[in-house]
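S.K.: First, the structure itself, so that you have it in front of you.
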Amino acid sequence: TIKLDKDPIIEYLNSNVTMLKWMISEGYGDERTIKRRIAAMEAWLENPQLMEADKDAQYFKVFDIDLEKITEPILCCPNDPDDAKTLTEIGTTKIDEVFIGSCMTNIGHFRAAGELLRGFVGGTLPTRLWVAPPTKMDEAQLTKEGFYSIYGKVGARTEMPGCSLCMGNQARVEAGASVVSTSTRNFPNRLGQGANVYLASAELAAVSAIMGRLPTKDEYMEANSALVEKRDSTYIYLNFDQYEQYSSKAGTVEIDEDVKTTAKKNYSDFIR
């Protein structure tokens with residue numbers, strides 16, 4: 001069991017409770033199923049308990065990773081998510097297309113990519129850049145903050161929020177293309193027939209889109225330094241409970257007493 005901190009989980013669940021209640025107010029179904037999920041989360045929030053390993057637990061193998069030794073981006077190479085190498089080990093490989101999207105790329109990463117692309121507004125990207133946020137709520141917030149304007153000005157193709165290239169059945173890169181993607185899988189032919197796909201961060205993806213190749217370590221670090229001063233305003237989660245347009249509508253949704261009672265009993269039985 002991975003030992004987690006309660007605070008970020010509480011933050012995440014409070015946001016999700018608001019989001020799910022907002023979804024009910026917007027007519028999403030199945031309402032009763034969503035309410036059961038809300039009730040389960042609220043039951044945990046009333047008495048947050050986390051699983052953790054026994055103090056005398058024994059492990060088959062222990063991996064110690066010294067994060068101070070990781071001094072540059074690590075990518076997963078074509079076409080195997082287990083084939084991880086540093087930027088320096090790979091070299092300045094030519095890149096044809098870049099995909100910034102997938103459910104694991106949160107709104108902060110889209111902001112970071114936008115900030116890096118901001119300096120290229122007015123130019124012509126040497127790559128084909130795809131941008132697809134995971135949800136329409138991310139899309140709306142990024143549009144409000146002006147990032148969709150940046151994507152458009154640099155010539156990015158903005159896809160409908162959702163899986164897009166990550167799933168590989170809604171859009172495809174060109175056959176045989178070399179690609180940088182922020183998705184979590186790069187199995188053969190997933191993003192495009194014969195495509196060679198590197199998995200990387202949104203920041204590295206943006207720099208690669210601008211340069212038309214993988215940057216050197218120094219080039220990447222120089223570009224990324226522009227984000228340091230804006231870090232606090234860039235890497236912020238879309239916490240729905242902190243946005244009035246979601247929390248106000250969520251406040252109109254009530255969870256049935258029988259649903260709450262069942263959720264509390266199930267949780268109590270689980271942690272007993």
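Numbering starts fresh at 1 for the residues of each chain in the structure tokens, the chains themselves are lettered A, B, ... in the order given, and ligands are numbered from 1 as they appear.
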For A:Leu227, list every protein, DNA or RNA residue within 8 Å, evaluated using only C-alpha atoms, and leave out those in the same chain fewer than 3 positions away; present the list as a PyMOL selection string.
M.R.: chain A and resi 112+115-116+224+230-231
S.K.: Could you build a table of the residues in stretch 46-144 of chain A lying no more than 8 Å from stretch 149-166 of chain A, giving for each the nearest pair of atoms and their separation in Å rounded to one decimal place, using only C-alpha atoms, ordered by chain and ascending residue number, as JSON lines?
M.R.:
```
{"residue": "A:Phe99", "atom": "CA", "partner": "A:Leu165", "partner_atom": "CA", "distance": 7.3}
{"residue": "A:Gly101", "atom": "CA", "partner": "A:Cys166", "partner_atom": "CA", "distance": 7.5}
{"residue": "A:Ser102", "atom": "CA", "partner": "A:Cys163", "partner_atom": "CA", "distance": 5.7}
{"residue": "A:Cys103", "atom": "CA", "partner": "A:Cys163", "partner_atom": "CA", "distance": 7.3}
{"residue": "A:Gly114", "atom": "CA", "partner": "A:Ile150", "partner_atom": "CA", "distance": 6.4}
{"residue": "A:Leu117", "atom": "CA", "partner": "A:Ile150", "partner_atom": "CA", "distance": 7.0}
{"residue": "A:Arg118", "atom": "CA", "partner": "A:Ile150", "partner_atom": "CA", "distance": 6.0}
{"residue": "A:Phe120", "atom": "CA", "partner": "A:Val154", "partner_atom": "CA", "distance": 6.8}
{"residue": "A:Val121", "atom": "CA", "partner": "A:Val154", "partner_atom": "CA", "distance": 5.3}
{"residue": "A:Gly122", "atom": "CA", "partner": "A:Val154", "partner_atom": "CA", "distance": 6.7}
{"residue": "A:Gly123", "atom": "CA", "partner": "A:Val154", "partner_atom": "CA", "distance": 6.6}
{"residue": "A:Thr124", "atom": "CA", "partner": "A:Val154", "partner_atom": "CA", "distance": 6.5}
{"residue": "A:Leu125", "atom": "CA", "partner": "A:Val154", "partner_atom": "CA", "distance": 6.7}
{"residue": "A:Arg128", "atom": "CA", "partner": "A:Ala156", "partner_atom": "CA", "distance": 7.0}
{"residue": "A:Leu129", "atom": "CA", "partner": "A:Ala156", "partner_atom": "CA", "distance": 4.8}
{"residue": "A:Trp130", "atom": "CA", "partner": "A:Arg157", "partner_atom": "CA", "distance": 4.8}
{"residue": "A:Val131", "atom": "CA", "partner": "A:Thr158", "partner_atom": "CA", "distance": 4.7}
{"residue": "A:Ala132", "atom": "CA", "partner": "A:Glu159", "partner_atom": "CA", "distance": 4.9}
{"residue": "A:Pro133", "atom": "CA", "partner": "A:Pro161", "partner_atom": "CA", "distance": 5.1}
{"residue": "A:Pro134", "atom": "CA", "partner": "A:Gly162", "partner_atom": "CA", "distance": 4.6}
{"residue": "A:Thr135", "atom": "CA", "partner": "A:Pro161", "partner_atom": "CA", "distance": 5.0}
{"residue": "A:Lys136", "atom": "CA", "partner": "A:Pro161", "partner_atom": "CA", "distance": 5.6}
{"residue": "A:Glu139", "atom": "CA", "partner": "A:Pro161", "partner_atom": "CA", "distance": 7.0}
{"residue": "A:Thr143", "atom": "CA", "partner": "A:Ser149", "partner_atom": "CA", "distance": 7.2}
```
S.K.: Taking C-alpha atoms for each residue, export the selection above as an mmCIF file, in the first residue's frame.
M.R.:
```
data_model
loop_
_atom_site.group_PDB
_atom_site.id
_atom_site.type_symbol
_atom_site.label_atom_id
_atom_site.label_comp_id
_atom_site.auth_asym_id
_atom_site.auth_seq_id
_atom_site.Cartn_x
_atom_site.Cartn_y
_atom_site.Cartn_z
ATOM 1 C CA PHE A 99 0.008 15.953 -28.679
ATOM 2 C CA GLY A 101 -3.751 16.022 -23.856
ATOM 3 C CA SER A 102 -5.064 12.910 -22.050
ATOM 4 C CA CYS A 103 -6.801 12.558 -18.690
ATOM 5 C CA GLY A 114 0.491 27.894 -23.125
ATOM 6 C CA LEU A 117 3.929 28.880 -26.551
ATOM 7 C CA ARG A 118 3.065 32.505 -25.733
ATOM 8 C CA PHE A 120 6.101 31.974 -30.155
ATOM 9 C CA VAL A 121 2.877 33.817 -31.076
ATOM 10 C CA GLY A 122 3.298 35.217 -34.585
ATOM 11 C CA GLY A 123 5.599 32.437 -35.712
ATOM 12 C CA THR A 124 4.917 29.238 -37.633
ATOM 13 C CA LEU A 125 5.426 26.007 -35.732
ATOM 14 C CA ARG A 128 1.722 19.812 -36.095
ATOM 15 C CA LEU A 129 0.472 20.581 -32.586
ATOM 16 C CA TRP A 130 -2.653 18.955 -31.154
ATOM 17 C CA VAL A 131 -4.290 20.218 -27.943
ATOM 18 C CA ALA A 132 -7.134 18.324 -26.261
ATOM 19 C CA PRO A 133 -8.006 18.974 -22.607
ATOM 20 C CA PRO A 134 -9.644 16.047 -20.821
ATOM 21 C CA THR A 135 -12.931 17.818 -19.959
ATOM 22 C CA LYS A 136 -15.104 20.658 -21.220
ATOM 23 C CA GLU A 139 -11.608 23.872 -21.875
ATOM 24 C CA THR A 143 -10.563 29.742 -22.701
#
```
S.K.: Can you pull out every residue within 9 Å of A:Val17, counting only C-alpha atoms, but drop anything in the same chain fewer than 5 positions away, and send it as a PyMOL selection string?
M.R.: chain A and resi 12+22+37-39+41-42+240-241+250
S.K.: Enumerate as a tab-separated table (two decimals) with C-alpha atoms, in the first residue's frame all residues of stretch 33-255 of chain A assigned to alpha helix (DSSP H) by DSSP on the backbone, naming them with the chain letters and numbers the document uses.
M.R.:
```
chain	number	residue	atom	x	y	z
A	33	THR	CA	-25.66	6.47	-9.19
A	34	ILE	CA	-23.90	9.83	-8.96
A	35	LYS	CA	-25.57	10.55	-5.62
A	36	ARG	CA	-24.34	7.23	-4.22
A	37	ARG	CA	-20.81	8.16	-5.23
A	38	ILE	CA	-21.15	11.59	-3.63
A	39	ALA	CA	-22.51	10.06	-0.42
A	40	ALA	CA	-19.57	7.63	-0.26
A	41	MET	CA	-17.07	10.47	-0.60
A	42	GLU	CA	-18.85	12.61	1.99
A	43	ALA	CA	-18.90	9.67	4.41
A	44	TRP	CA	-15.12	9.39	4.09
A	45	LEU	CA	-14.68	13.16	4.48
A	46	GLU	CA	-16.54	13.05	7.79
A	87	LEU	CA	16.67	13.67	-22.64
A	88	THR	CA	20.45	13.59	-23.01
A	89	GLU	CA	20.47	9.83	-23.66
A	90	ILE	CA	17.97	10.22	-26.50
A	107	ILE	CA	-5.07	22.10	-16.30
A	108	GLY	CA	-1.79	23.35	-14.83
A	109	HIS	CA	0.14	21.52	-17.53
A	110	PHE	CA	-2.00	23.13	-20.24
A	111	ARG	CA	-1.28	26.53	-18.72
A	112	ALA	CA	2.46	25.76	-18.64
A	113	ALA	CA	2.42	24.73	-22.29
A	114	GLY	CA	0.49	27.89	-23.13
A	115	GLU	CA	3.00	30.08	-21.31
A	116	LEU	CA	5.85	28.52	-23.28
A	117	LEU	CA	3.93	28.88	-26.55
A	118	ARG	CA	3.07	32.50	-25.73
A	136	LYS	CA	-15.10	20.66	-21.22
A	137	MET	CA	-14.67	22.30	-17.81
A	138	ASP	CA	-10.90	22.49	-18.41
A	139	GLU	CA	-11.61	23.87	-21.87
A	140	ALA	CA	-13.91	26.57	-20.50
A	141	GLN	CA	-11.42	27.68	-17.84
A	142	LEU	CA	-8.47	27.71	-20.26
A	143	THR	CA	-10.56	29.74	-22.70
A	144	LYS	CA	-11.49	32.20	-19.94
A	147	PHE	CA	-4.85	30.12	-23.31
A	148	TYR	CA	-7.07	28.96	-26.15
A	149	SER	CA	-6.26	32.24	-27.86
A	150	ILE	CA	-2.56	31.38	-27.59
A	151	TYR	CA	-3.13	27.87	-28.95
A	152	GLY	CA	-5.00	29.32	-31.90
A	153	LYS	CA	-2.42	32.00	-32.65
A	202	ALA	CA	3.52	19.09	-21.38
A	203	GLU	CA	6.41	21.49	-20.87
A	204	LEU	CA	8.81	19.35	-22.90
A	205	ALA	CA	6.08	18.75	-25.49
A	206	ALA	CA	5.61	22.50	-25.96
A	207	VAL	CA	9.34	23.12	-26.36
A	208	SER	CA	9.55	20.26	-28.88
A	209	ALA	CA	6.61	21.72	-30.83
A	210	ILE	CA	8.44	25.05	-31.08
A	211	MET	CA	11.84	23.58	-32.01
A	217	LYS	CA	18.97	19.50	-21.63
A	218	ASP	CA	20.29	23.08	-21.55
A	219	GLU	CA	17.76	24.28	-24.13
A	220	TYR	CA	14.93	22.75	-22.16
A	221	MET	CA	16.11	24.15	-18.82
A	222	GLU	CA	16.45	27.64	-20.32
A	223	ALA	CA	12.93	27.52	-21.80
A	224	ASN	CA	11.44	26.09	-18.62
A	231	ARG	CA	4.68	28.72	-11.02
A	232	ASP	CA	2.17	29.67	-8.30
A	233	SER	CA	-0.40	30.89	-10.82
A	234	THR	CA	0.26	28.12	-13.36
A	244	GLU	CA	-18.66	30.00	-8.01
A	245	GLN	CA	-20.12	28.82	-11.33
A	246	TYR	CA	-19.89	25.24	-10.08
A	247	SER	CA	-20.37	25.60	-6.32
A	248	SER	CA	-23.54	27.71	-6.65
A	249	LYS	CA	-25.30	25.06	-8.73
A	250	ALA	CA	-23.88	22.24	-6.61
```
S.K.: Suppose you want the space between atom CA of A:Pro126 and atom CA of A:Asp96; what is it in Å?
M.R.: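 Straight-line distance from atom CA of A:Pro126 to atom CA of A:Asp96 works out to 7.7 Å.
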S.K.: Among stretch 68-100 of chain A, which ones does DSSP place in strand (DSSP E or B), written as a list in words?
M.R.: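 The residues of stretch 68-100 of chain A classed as strand (DSSP E or B) are Ile74, Leu75, Cys76, Ala84, Lys85, Thr86, Lys94, Glu97, Val98, Phe99 and Ile100 of chain A.
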S.K.: Which residue is closest to A:Val98? Choose from A:Thr86, A:Asn47, A:Ser201, A:Asn79 and count only C-alpha atoms.
M.R.: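 Ranking A:Thr86, A:Asn47, A:Ser201, A:Asn79 by distance to A:Val98, first place goes to A:Ser201.
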S.K.: Hey, which of A:Leu199, A:Thr71, A:Pro48, A:Ile95 ends up closest to A:Lys264? Count only C-alpha atoms.
M.R.: A:Pro48
S.K.: Which of these residues is nearest to A:Arg213, using only C-alpha atoms: A:Met104, A:Lys94, A:Ser225, A:Tyr198?
M.R.: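 Smallest distance to A:Arg213 is found for A:Lys94.
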S.K.: Could you list, as a count of residues only, every residue within 8 Å of A:Thr92, counting only C-alpha atoms and ignoring same-chain residues fewer than 4 positions away?
M.R.: 4
S.K.: Excluding A:Cys76 and any residue of its chain fewer than 2 positions from it, enumerate the residues within 12 Å of it, using only C-alpha atoms, and give them as a list in words.
M.R.: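 Counting only C-alpha atoms, the residues come to Pro73, Ile74, Pro78, Asn79, Asp80, Pro81, Asp82, Asp83, Ala84, Lys85, Thr86, Leu87, Glu89, Ile90, Val179, Val180, Ser181, Thr182, Ser183, Thr184, Arg185, Asn186, Phe187, Asn196, Val197, Tyr198, Leu199, Ala200 and Ser201 of chain A.
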S.K.: Enter the distance from atom CA of A:Val259 to atom CA of A:Leu13, in Å, rounded to one decimal.
M.R.: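 Taking atom CA of A:Val259 and atom CA of A:Leu13, their separation equals 17.8 Å.
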S.K.: Between atom CA of A:Gly212 and atom CA of A:Thr127, what is the distance in Å, rounded to a tenth?
M.R.: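 According to the coordinates, atom CA of A:Gly212 and atom CA of A:Thr127 are separated by 5.6 Å.
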S.K.: From the list A:Leu50, A:Met167, A:Ile236, A:Ile10, which residue is nearest A:Ile271 when using only C-alpha atoms?
M.R.: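 Distance minimum relative to A:Ile271 lands on A:Leu50.
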